[in-house]
Amino acid sequence: MRHSYLSVLGKPFFSIGGQVHNSSAYPIGRKGNPQYEEDSERSFESVKAIGGNTIAVPICWDAFEPEEGAYNAGYVHTVIDNIRRHGLHGTLLWFGTWKNGQMEYTPSWVKKDRERFPRVLCKDGTQTTVLSPHSRRNLEQDAKAFRAFMEILREYDGKQGTILAVQVENEPGFYAPTRRDFSEAGTEAFEAQVPEGIRQLARTDCGAIHQSWVKNGSREQGNWKEMFGSFGAELCSAWAVARYIDEIAAGGKEIYDIFMYTNVWMDRNSDYGWNLAGLEYPCGGAVSKCLPLWHCACGHLDAVCPDIYEQNPDAVRKAYGIYEKEEQGWPLYVPESGLTSVNAACIFDAVGKHNAIGYHVFGIESCLDSDGKLKESAEPVMHSFAMLTAASGLLLPGSGVQERYSFFQSMGQDSAFMEIGRRRCRISYAGVGADYAGWVPFDYHHGKESGGDAFRVPVSLNEETARGLLFRMSEDEFYLVGHKVRLFFTGEEPEDGSIPVSWMNGQHLAHSMEFLCLEEGHFEEGKFVTDRVRSGDEARHGIWAQYDCGVVHFVLGK
């Protein structure tokens with residue numbers, strides 16, 4: 001069964017949270033050591049400080065099966081117990097054959113036996129620190145351990161639903177000085193005929209696979225080199241890795257049908273550097289130019305997910321578009337991302353435009369300082385998580401939302417404009433605007449706008465930017481979550497070329513906005529509950545929102 005969203009016992013769930021540092025998996029899964037307990041508590045307190053509802057914890061093959069055939073069920077139980085004790089949900093990350101294109105988390109008995117568990121070979125015969133995806137023994141050993149893990153997970157949590165999803169491997173591929181495995185099995189695979197599914201993809205795909213096929217003569221059949229030239233080695237490796245992972249996922253789903261995905265060490269959308277597999281990212285992974293092949297090979301995965309660490313907002317937004325293929329059954333889920341202001345803002349594009357089903361930041365313990373307090377640099381992510389938590393009832397299937405609009409501020413930008421139904425909407429990011437005279441209130445909880453920093457636009461990617469989500473329920477009814485934003489609506493633009501007189505002056509335009517309802521609140525079991533009603537001064541200067549306002553509900557007059 002393919003899943004299109006995360007769920008708890010069948011009920012849709014929007015997951016925001018943090019992935020712990022890699023080695024935090026060991027103390028979270030062990031008992032009886034004061035240092036373990038201290039480290040474990042910091043992981044959970046970090047997720048709570050950032051406002052997450054989910055913690056992502058690795059299940060490491062070496063800790064799960066320290067001796068062949070001896071599976072450590074207590075390790076999995078303890079991880080789940082800790083998640084439950086802190087009132088969170090979890091995702092579990094299977095660090096098996098691959099972790100960041102390497103094999104650090106394989107058991108020592110696997111690492112020692114290179115004949116039984118062969119490595120990827122370089123052209124000169126050098127053995128890499130990566131297990132070969134062309135080896136049945138490697139695959140079967142990993143799959144056997146994974147099935148044992150899934151049996152333990154089903155028995156311990158199947159009726160409680162603490163765990164939302166399982167990640168199958170981590171940033172797979174081989175981060176090594178080669179684009180293919182030069183072993184006998186790897187060479188045989190490279191010289192074999194390209195499978196029909198990939199030949200069909202070459203004819204129909206409009207991306208790098210099709211382009212390399214055309215460049216190399218548009219052959220109807222042939223081996224990987226004959227059909228794709230220099231790109232063939234990477235595609236051959238991607239096909240082997242993708243099928244390897246899909247077979248592991250298939251075996252796991254037979255035991256416990258839970259949301260399963262794998263994640264991607266990205267090629268930066270093929271826009272940077274040498275764009276060379278093995279050198280800049282693990283070869284064989286589901287990078288942008290190989291993603292259609294992965295979708296072809298991995299029918300048992302529910303998502304193939306980008307790890308977002310870019311500091312260029314345009315590159316981040318481009319990645320969302322590449323990995324969200326909802327119409328093809330591939331939802332956008334971001335399992336790793338940076339604790340940055342850029343990421344905090346771009347989340348809104350992922351959720352508003354690409355219907356992301358979940359979003360996590362990585363290295364969650366790093367959001368706290370040595371005194372256990374949230375670092376200032378992590379506040380933008382915390383603000384975004386607070387807004388998404390408030391709006392979570394509007395982000396799930398069956399919410400009744402007719403349309404979502406996302407907006408966030410670019411460097412130097414003071415405002416934006418949107419067409420919303422028959423109305424025009426101006427979004428102000430830097431106060432009401434330089435042409436707007438006089439005192440402008442928020443409420444006594446938030447002080448007032450009085451110039452100075454209130455009208456300053458960001459000039460650095462390290463600064464927090466304004467952003468928000470607008471949900472249209474009907475022609476006139478909306479919900480808003482946002483930070484550092486004010487919305488101004490007009491009526492329909494006249495078609496005769498005239499400009500309504502009330503539009504000539506910003507204050508008159510704002511004062512002429514008529515509300516049938518303007519209130520702040522939150523959702524309980526899918527129903528909106530009013531916490532504060534706005535009117536008078538708080539309603540005369542646009543519809544404003546800060547991260548701690550909850551959800552702003554409003555109905556505009558005609």
# chains A, B, ... in the order shown; residues from 1 in each chain; ligands from 1
call {"tool": "select_by_dssp", "arguments": {"residues": "segment 45-152 of chain A", "states": "alpha helix (DSSP H)", "output": "PyMOL selection string"}}
result
chain A and resi 45-50+61-64+73-85+108-112+136-152
call {"tool": "residues_around", "arguments": {"residues": "Ala189 of chain A", "least_positions_apart": "5", "cutoff": "12 Å", "atoms": "only C-alpha atoms", "output": "ChimeraX atom specification"}}
result
/A:132-135,180-184,194-195,223-225,232-233,235-240
call {"tool": "write_last_selection", "arguments": {"atoms": "N, CA, C and O atoms", "output": "short mmCIF file (atom, residue, chain, number, x, y, z; two decimals), in the first residue's frame"}}
result
data_model
loop_
_atom_site.label_atom_id
_atom_site.label_comp_id
_atom_site.auth_asym_id
_atom_site.auth_seq_id
_atom_site.Cartn_x
_atom_site.Cartn_y
_atom_site.Cartn_z
N SER A 132 28.79 -3.18 -1.58
CA SER A 132 28.36 -3.20 -2.98
C SER A 132 26.86 -3.43 -3.09
O SER A 132 26.32 -4.38 -2.50
N PRO A 133 26.16 -2.59 -3.87
CA PRO A 133 24.72 -2.82 -4.08
C PRO A 133 24.44 -3.96 -5.04
O PRO A 133 23.28 -4.33 -5.24
N HIS A 134 25.49 -4.51 -5.65
CA HIS A 134 25.33 -5.62 -6.60
C HIS A 134 25.45 -6.99 -5.92
O HIS A 134 25.35 -8.01 -6.59
N SER A 135 25.66 -7.00 -4.61
CA SER A 135 25.84 -8.25 -3.88
C SER A 135 24.52 -8.70 -3.25
O SER A 135 23.94 -7.99 -2.42
N ARG A 180 30.98 3.90 -10.37
CA ARG A 180 30.36 2.58 -10.44
C ARG A 180 31.25 1.58 -9.72
O ARG A 180 32.41 1.86 -9.40
N ASP A 181 30.69 0.42 -9.47
CA ASP A 181 31.42 -0.66 -8.82
C ASP A 181 32.15 -1.46 -9.90
O ASP A 181 31.53 -2.03 -10.80
N PHE A 182 33.49 -1.49 -9.82
CA PHE A 182 34.30 -2.21 -10.80
C PHE A 182 34.53 -3.67 -10.44
O PHE A 182 35.38 -4.33 -11.04
N SER A 183 33.78 -4.19 -9.47
CA SER A 183 33.87 -5.61 -9.16
C SER A 183 33.29 -6.41 -10.33
O SER A 183 32.70 -5.86 -11.27
N GLU A 184 33.45 -7.72 -10.26
CA GLU A 184 32.93 -8.57 -11.34
C GLU A 184 31.42 -8.41 -11.47
O GLU A 184 30.89 -8.27 -12.59
N VAL A 194 20.17 -2.22 -20.67
CA VAL A 194 19.38 -1.32 -19.83
C VAL A 194 17.96 -1.86 -19.76
O VAL A 194 17.37 -2.22 -20.79
N PRO A 195 17.36 -1.95 -18.57
CA PRO A 195 16.00 -2.48 -18.44
C PRO A 195 14.98 -1.67 -19.25
O PRO A 195 15.15 -0.47 -19.46
N ASN A 223 23.68 -1.31 -23.61
CA ASN A 223 24.06 -1.29 -22.20
C ASN A 223 24.10 0.16 -21.71
O ASN A 223 23.82 1.09 -22.46
N TRP A 224 24.46 0.33 -20.45
CA TRP A 224 24.38 1.66 -19.84
C TRP A 224 25.31 2.66 -20.54
O TRP A 224 24.93 3.81 -20.77
N LYS A 225 26.49 2.24 -20.89
CA LYS A 225 27.43 3.12 -21.59
C LYS A 225 26.94 3.44 -23.00
O LYS A 225 27.01 4.59 -23.44
N GLY A 232 26.03 6.99 -17.97
CA GLY A 232 25.57 5.63 -17.79
C GLY A 232 26.03 4.98 -16.51
O GLY A 232 25.29 4.20 -15.89
N ALA A 233 27.27 5.26 -16.09
CA ALA A 233 27.80 4.64 -14.87
C ALA A 233 26.97 5.06 -13.66
O ALA A 233 26.62 4.23 -12.81
N LEU A 235 23.86 6.17 -13.65
CA LEU A 235 22.52 5.60 -13.76
C LEU A 235 22.52 4.12 -13.40
O LEU A 235 21.59 3.64 -12.74
N CYS A 236 23.55 3.39 -13.82
CA CYS A 236 23.65 1.98 -13.46
C CYS A 236 23.74 1.82 -11.95
O CYS A 236 23.07 0.95 -11.36
N SER A 237 24.53 2.65 -11.30
CA SER A 237 24.66 2.60 -9.85
C SER A 237 23.34 2.97 -9.18
O SER A 237 22.93 2.35 -8.19
N ALA A 238 22.66 4.00 -9.70
CA ALA A 238 21.38 4.42 -9.13
C ALA A 238 20.34 3.31 -9.23
O ALA A 238 19.56 3.08 -8.29
N TRP A 239 20.33 2.61 -10.37
CA TRP A 239 19.38 1.52 -10.54
C TRP A 239 19.64 0.40 -9.53
O TRP A 239 18.71 -0.13 -8.91
N ALA A 240 20.91 0.09 -9.29
CA ALA A 240 21.26 -0.96 -8.33
C ALA A 240 20.89 -0.56 -6.90
O ALA A 240 20.31 -1.35 -6.14
#
call {"tool": "select_by_dssp", "arguments": {"residues": "segment 228-280 of chain A", "states": "strand (DSSP E or B)", "output": "PyMOL selection string"}}
result
chain A and resi 259-264+277
call {"tool": "write_last_selection", "arguments": {"atoms": "C-alpha atoms", "output": "PDB file, in the first residue's frame"}}
result
ATOM      1  CA  PHE A 259       4.976   5.108   5.857  1.00  0.00           C
ATOM      2  CA  MET A 260       8.459   4.409   4.445  1.00  0.00           C
ATOM      3  CA  TYR A 261      10.830   6.761   2.686  1.00  0.00           C
ATOM      4  CA  THR A 262      14.473   7.309   1.906  1.00  0.00           C
ATOM      5  CA  ASN A 263      16.365  10.578   1.935  1.00  0.00           C
ATOM      6  CA  VAL A 264      18.805  12.204  -0.471  1.00  0.00           C
ATOM      7  CA  ALA A 277      28.824  11.821  -8.534  1.00  0.00           C
TER       8      ALA A 277
END
call {"tool": "residues_around", "arguments": {"residues": "Trp503 of chain A", "least_positions_apart": "4", "cutoff": "12 Å", "atoms": "only C-alpha atoms", "output": "list of chain:residue names"}}
result
A:Arg424, A:Arg426, A:Phe488, A:Phe489, A:Thr490, A:Gly491, A:Glu492, A:Glu493, A:Pro494, A:Ser498, A:Ile499, A:Gln507, A:His508, A:Leu509, A:Ala510, A:His511, A:Ser512, A:Met513
call {"tool": "write_last_selection", "arguments": {"atoms": "N, CA and C atoms", "output": "PDB file, in the first residue's frame"}}
result
ATOM      1  N   ARG A 424      -7.877  42.041  -4.475  1.00  0.00           N
ATOM      2  CA  ARG A 424      -6.438  42.269  -4.503  1.00  0.00           C
ATOM      3  C   ARG A 424      -5.951  42.353  -3.063  1.00  0.00           C
ATOM      4  N   ARG A 426      -2.518  43.290  -0.657  1.00  0.00           N
ATOM      5  CA  ARG A 426      -1.148  43.789  -0.472  1.00  0.00           C
ATOM      6  C   ARG A 426      -0.636  43.263   0.858  1.00  0.00           C
ATOM      7  N   PHE A 488      -3.625  43.903   3.504  1.00  0.00           N
ATOM      8  CA  PHE A 488      -4.620  44.908   3.116  1.00  0.00           C
ATOM      9  C   PHE A 488      -5.365  44.384   1.894  1.00  0.00           C
ATOM     10  N   PHE A 489      -6.688  44.389   1.962  1.00  0.00           N
ATOM     11  CA  PHE A 489      -7.505  43.907   0.859  1.00  0.00           C
ATOM     12  C   PHE A 489      -8.274  45.051   0.213  1.00  0.00           C
ATOM     13  N   THR A 490      -8.411  44.985  -1.084  1.00  0.00           N
ATOM     14  CA  THR A 490      -9.317  45.877  -1.814  1.00  0.00           C
ATOM     15  C   THR A 490     -10.420  45.028  -2.415  1.00  0.00           C
ATOM     16  N   GLY A 491     -11.369  45.709  -2.995  1.00  0.00           N
ATOM     17  CA  GLY A 491     -12.390  45.001  -3.743  1.00  0.00           C
ATOM     18  C   GLY A 491     -11.879  44.683  -5.138  1.00  0.00           C
ATOM     19  N   GLU A 492     -12.798  44.372  -6.007  1.00  0.00           N
ATOM     20  CA  GLU A 492     -12.446  44.029  -7.368  1.00  0.00           C
ATOM     21  C   GLU A 492     -11.932  45.248  -8.119  1.00  0.00           C
ATOM     22  N   GLU A 493     -10.906  45.078  -8.929  1.00  0.00           N
ATOM     23  CA  GLU A 493     -10.326  46.191  -9.681  1.00  0.00           C
ATOM     24  C   GLU A 493     -11.294  46.626 -10.786  1.00  0.00           C
ATOM     25  N   PRO A 494     -11.625  47.925 -10.861  1.00  0.00           N
ATOM     26  CA  PRO A 494     -12.535  48.402 -11.907  1.00  0.00           C
ATOM     27  C   PRO A 494     -11.990  48.113 -13.299  1.00  0.00           C
ATOM     28  N   SER A 498     -10.695  53.367 -14.030  1.00  0.00           N
ATOM     29  CA  SER A 498     -10.720  54.271 -12.873  1.00  0.00           C
ATOM     30  C   SER A 498     -10.066  53.621 -11.668  1.00  0.00           C
ATOM     31  N   ILE A 499      -9.701  54.423 -10.695  1.00  0.00           N
ATOM     32  CA  ILE A 499      -9.149  53.945  -9.430  1.00  0.00           C
ATOM     33  C   ILE A 499     -10.040  54.467  -8.310  1.00  0.00           C
ATOM     34  N   GLN A 507      -4.265  54.923   4.532  1.00  0.00           N
ATOM     35  CA  GLN A 507      -5.077  54.868   5.734  1.00  0.00           C
ATOM     36  C   GLN A 507      -6.550  54.719   5.415  1.00  0.00           C
ATOM     37  N   HIS A 508      -7.026  55.483   4.413  1.00  0.00           N
ATOM     38  CA  HIS A 508      -8.437  55.363   4.041  1.00  0.00           C
ATOM     39  C   HIS A 508      -8.739  53.973   3.484  1.00  0.00           C
ATOM     40  N   LEU A 509      -7.782  53.417   2.738  1.00  0.00           N
ATOM     41  CA  LEU A 509      -7.978  52.072   2.216  1.00  0.00           C
ATOM     42  C   LEU A 509      -8.110  51.074   3.361  1.00  0.00           C
ATOM     43  N   ALA A 510      -7.218  51.194   4.344  1.00  0.00           N
ATOM     44  CA  ALA A 510      -7.270  50.285   5.484  1.00  0.00           C
ATOM     45  C   ALA A 510      -8.564  50.461   6.274  1.00  0.00           C
ATOM     46  N   HIS A 511      -8.970  51.731   6.473  1.00  0.00           N
ATOM     47  CA  HIS A 511     -10.176  51.989   7.265  1.00  0.00           C
ATOM     48  C   HIS A 511     -11.430  51.531   6.537  1.00  0.00           C
ATOM     49  N   SER A 512     -11.358  51.462   5.217  1.00  0.00           N
ATOM     50  CA  SER A 512     -12.545  51.071   4.455  1.00  0.00           C
ATOM     51  C   SER A 512     -12.696  49.560   4.337  1.00  0.00           C
ATOM     52  N   MET A 513     -11.715  48.819   4.851  1.00  0.00           N
ATOM     53  CA  MET A 513     -11.867  47.352   4.898  1.00  0.00           C
ATOM     54  C   MET A 513     -12.909  47.015   5.955  1.00  0.00           C
TER      55      MET A 513
END
call {"tool": "residues_around", "arguments": {"residues": "Gln167 of chain A", "least_positions_apart": "2", "cutoff": "10 Å", "atoms": "only C-alpha atoms", "output": "count of residues only"}}
result
23
call {"tool": "closest_residue", "arguments": {"among": "A:Cys298, A:Val552, A:Cys283, A:Leu470", "to": "Met418 of chain A", "atoms": "only C-alpha atoms"}}
result
A:Leu470
call {"tool": "closest_residue", "arguments": {"among": "A:Glu475, A:Glu234, A:Glu155, A:Asp371", "to": "Gly186 of chain A", "atoms": "only C-alpha atoms"}}
result
A:Glu234
call {"tool": "residues_around", "arguments": {"residues": "Asp81 of chain A", "least_positions_apart": "6", "cutoff": "12 Å", "atoms": "only C-alpha atoms", "output": "PyMOL selection string"}}
result
chain A and resi 28-31+40+74-75+87-90+153+156-157+160+162-163
call {"tool": "closest_residue", "arguments": {"among": "A:Asp39, A:Leu6, A:Gly393, A:Phe149", "to": "His77 of chain A", "atoms": "only C-alpha atoms"}}
result
A:Phe149
call {"tool": "residues_around", "arguments": {"residues": "segment 515-517 of chain A", "least_positions_apart": "5", "cutoff": "6 Å", "atoms": "only C-alpha atoms", "output": "JSON, numbers by chain"}}
result
{"A": [554, 555, 556, 557]}
call {"tool": "atom_distance", "arguments": {"atom1": "atom CA of Ala49 of chain A", "atom2": "atom CA of Ala25 of chain A"}}
result
19.3 Å
call {"tool": "residues_around", "arguments": {"residues": "Val459 of chain A", "least_positions_apart": "4", "cutoff": "9 Å", "atoms": "only C-alpha atoms", "output": "compact mmCIF listing (two decimals) with N, CA, C and O atoms, in the first residue's frame"}}
result
# COMPACT_ATOMS: atom_id res chain seq x y z
N SER A 410 11.71 38.42 0.58
CA SER A 410 13.07 38.33 0.04
C SER A 410 13.91 39.46 0.58
O SER A 410 13.40 40.45 1.14
N MET A 411 15.22 39.35 0.41
CA MET A 411 16.11 40.40 0.87
C MET A 411 15.71 41.74 0.23
O MET A 411 15.55 41.84 -0.99
N GLY A 412 15.54 42.77 1.08
CA GLY A 412 15.24 44.10 0.58
C GLY A 412 13.79 44.34 0.20
O GLY A 412 13.43 45.44 -0.20
N GLU A 463 19.26 37.13 8.80
CA GLU A 463 18.18 37.81 9.50
C GLU A 463 16.85 37.10 9.29
O GLU A 463 16.60 36.52 8.23
call {"tool": "atom_distance", "arguments": {"atom1": "atom CA of Trp294 of chain A", "atom2": "atom CA of Arg243 of chain A"}}
result
8.3 Å
call {"tool": "closest_residue", "arguments": {"among": "A:Arg486, A:Arg137, A:Arg532, A:His300", "to": "His445 of chain A", "atoms": "only C-alpha atoms"}}
result
A:Arg532
call {"tool": "decode", "arguments": {"residues": "segment 271-382 of chain A", "atoms": "C-alpha atoms", "output": "tab-separated table (two decimals), in the first residue's frame"}}
result
chain	number	residue	atom	x	y	z
A	271	ASP	CA	23.43	23.87	-10.47
A	272	TYR	CA	26.74	24.00	-8.56
A	273	GLY	CA	30.32	22.82	-8.67
A	274	TRP	CA	31.47	19.96	-10.90
A	275	ASN	CA	28.13	18.14	-10.65
A	276	LEU	CA	30.11	14.92	-10.34
A	277	ALA	CA	28.82	11.82	-8.53
A	278	GLY	CA	31.15	10.32	-5.93
A	279	LEU	CA	33.03	13.58	-5.62
A	280	GLU	CA	30.30	15.98	-4.49
A	281	TYR	CA	27.50	13.62	-3.47
A	282	PRO	CA	27.04	9.84	-3.12
A	283	CYS	CA	26.85	8.17	-6.52
A	284	GLY	CA	23.63	6.23	-7.02
A	285	GLY	CA	21.48	8.41	-4.79
A	286	ALA	CA	18.17	9.92	-5.86
A	287	VAL	CA	19.66	13.26	-6.89
A	288	SER	CA	17.70	15.54	-9.20
A	289	LYS	CA	19.00	14.07	-12.46
A	290	CYS	CA	18.42	10.48	-11.31
A	291	LEU	CA	15.11	10.98	-9.48
A	292	PRO	CA	12.84	9.71	-12.30
A	293	LEU	CA	14.80	6.44	-12.30
A	294	TRP	CA	14.25	6.11	-8.54
A	295	HIS	CA	10.54	6.72	-8.94
A	296	CYS	CA	10.52	3.97	-11.56
A	297	ALA	CA	12.39	1.52	-9.31
A	298	CYS	CA	10.90	2.20	-5.86
A	299	GLY	CA	7.22	1.31	-5.89
A	300	HIS	CA	7.35	0.23	-2.23
A	301	LEU	CA	8.56	3.59	-0.91
A	302	ASP	CA	6.03	6.30	-0.10
A	303	ALA	CA	8.41	9.23	-0.60
A	304	VAL	CA	11.89	10.08	-1.82
A	305	CYS	CA	12.92	13.05	0.27
A	306	PRO	CA	15.41	15.90	-0.12
A	307	ASP	CA	17.72	16.91	2.70
A	308	ILE	CA	17.66	20.73	2.56
A	309	TYR	CA	20.77	22.62	3.63
A	310	GLU	CA	20.98	25.24	0.90
A	311	GLN	CA	21.36	28.88	1.91
A	312	ASN	CA	20.10	30.16	-1.43
A	313	PRO	CA	16.29	30.57	-1.13
A	314	ASP	CA	15.82	30.12	-4.87
A	315	ALA	CA	17.70	26.80	-4.76
A	316	VAL	CA	15.56	25.63	-1.84
A	317	ARG	CA	12.33	26.46	-3.64
A	318	LYS	CA	13.61	24.72	-6.78
A	319	ALA	CA	14.32	21.57	-4.76
A	320	TYR	CA	10.76	21.53	-3.43
A	321	GLY	CA	9.45	21.55	-6.99
A	322	ILE	CA	11.78	18.72	-8.04
A	323	TYR	CA	10.88	16.36	-5.18
A	324	GLU	CA	7.16	17.09	-4.90
A	325	LYS	CA	5.36	15.03	-7.52
A	326	GLU	CA	2.00	14.77	-5.79
A	327	GLU	CA	0.14	14.05	-9.01
A	328	GLN	CA	2.38	10.99	-9.47
A	329	GLY	CA	1.89	9.86	-5.86
A	330	TRP	CA	5.13	11.28	-4.43
A	331	PRO	CA	4.41	13.79	-1.62
A	332	LEU	CA	6.99	16.29	-0.38
A	333	TYR	CA	8.47	15.44	3.00
A	334	VAL	CA	11.67	17.09	4.27
A	335	PRO	CA	13.33	14.84	6.89
A	336	GLU	CA	16.49	16.94	7.31
A	337	SER	CA	17.11	20.65	7.01
A	338	GLY	CA	19.18	23.41	8.54
A	339	LEU	CA	18.51	25.46	11.66
A	340	THR	CA	18.66	28.67	9.63
A	341	SER	CA	16.58	31.76	8.94
A	342	VAL	CA	16.46	30.85	5.25
A	343	ASN	CA	15.01	27.44	6.04
A	344	ALA	CA	12.55	28.93	8.53
A	345	ALA	CA	11.14	31.13	5.78
A	346	CYS	CA	11.21	28.61	2.95
A	347	ILE	CA	9.18	26.12	4.99
A	348	PHE	CA	6.15	28.22	4.11
A	349	ASP	CA	6.67	27.66	0.40
A	350	ALA	CA	7.01	23.91	1.00
A	351	VAL	CA	3.75	23.79	2.94
A	352	GLY	CA	1.75	26.43	1.08
A	353	LYS	CA	2.72	25.72	-2.51
A	354	HIS	CA	3.88	22.10	-2.44
A	355	ASN	CA	1.61	20.63	0.26
A	356	ALA	CA	4.50	19.25	2.32
A	357	ILE	CA	3.33	16.54	4.73
A	358	GLY	CA	6.11	17.10	7.28
A	359	TYR	CA	9.27	19.10	7.91
A	360	HIS	CA	12.20	18.37	10.24
A	361	VAL	CA	15.41	20.16	11.13
A	362	PHE	CA	18.64	18.26	11.76
A	363	GLY	CA	21.01	18.26	14.73
A	364	ILE	CA	18.28	19.39	17.06
A	365	GLU	CA	20.50	19.44	20.18
A	366	SER	CA	22.44	22.31	18.61
A	367	CYS	CA	19.47	24.65	19.03
A	368	LEU	CA	20.22	24.94	22.77
A	369	ASP	CA	23.10	26.81	24.39
A	370	SER	CA	25.21	25.46	27.26
A	371	ASP	CA	22.55	26.61	29.76
A	372	GLY	CA	19.81	24.72	27.96
A	373	LYS	CA	18.19	27.85	26.51
A	374	LEU	CA	17.12	28.26	22.91
A	375	LYS	CA	19.78	30.02	20.88
A	376	GLU	CA	18.81	33.26	19.18
A	377	SER	CA	19.85	31.74	15.84
A	378	ALA	CA	17.22	29.00	16.29
A	379	GLU	CA	14.34	31.37	17.06
A	380	PRO	CA	13.20	31.76	13.42
A	381	VAL	CA	12.64	27.99	13.13
A	382	MET	CA	10.82	27.98	16.47
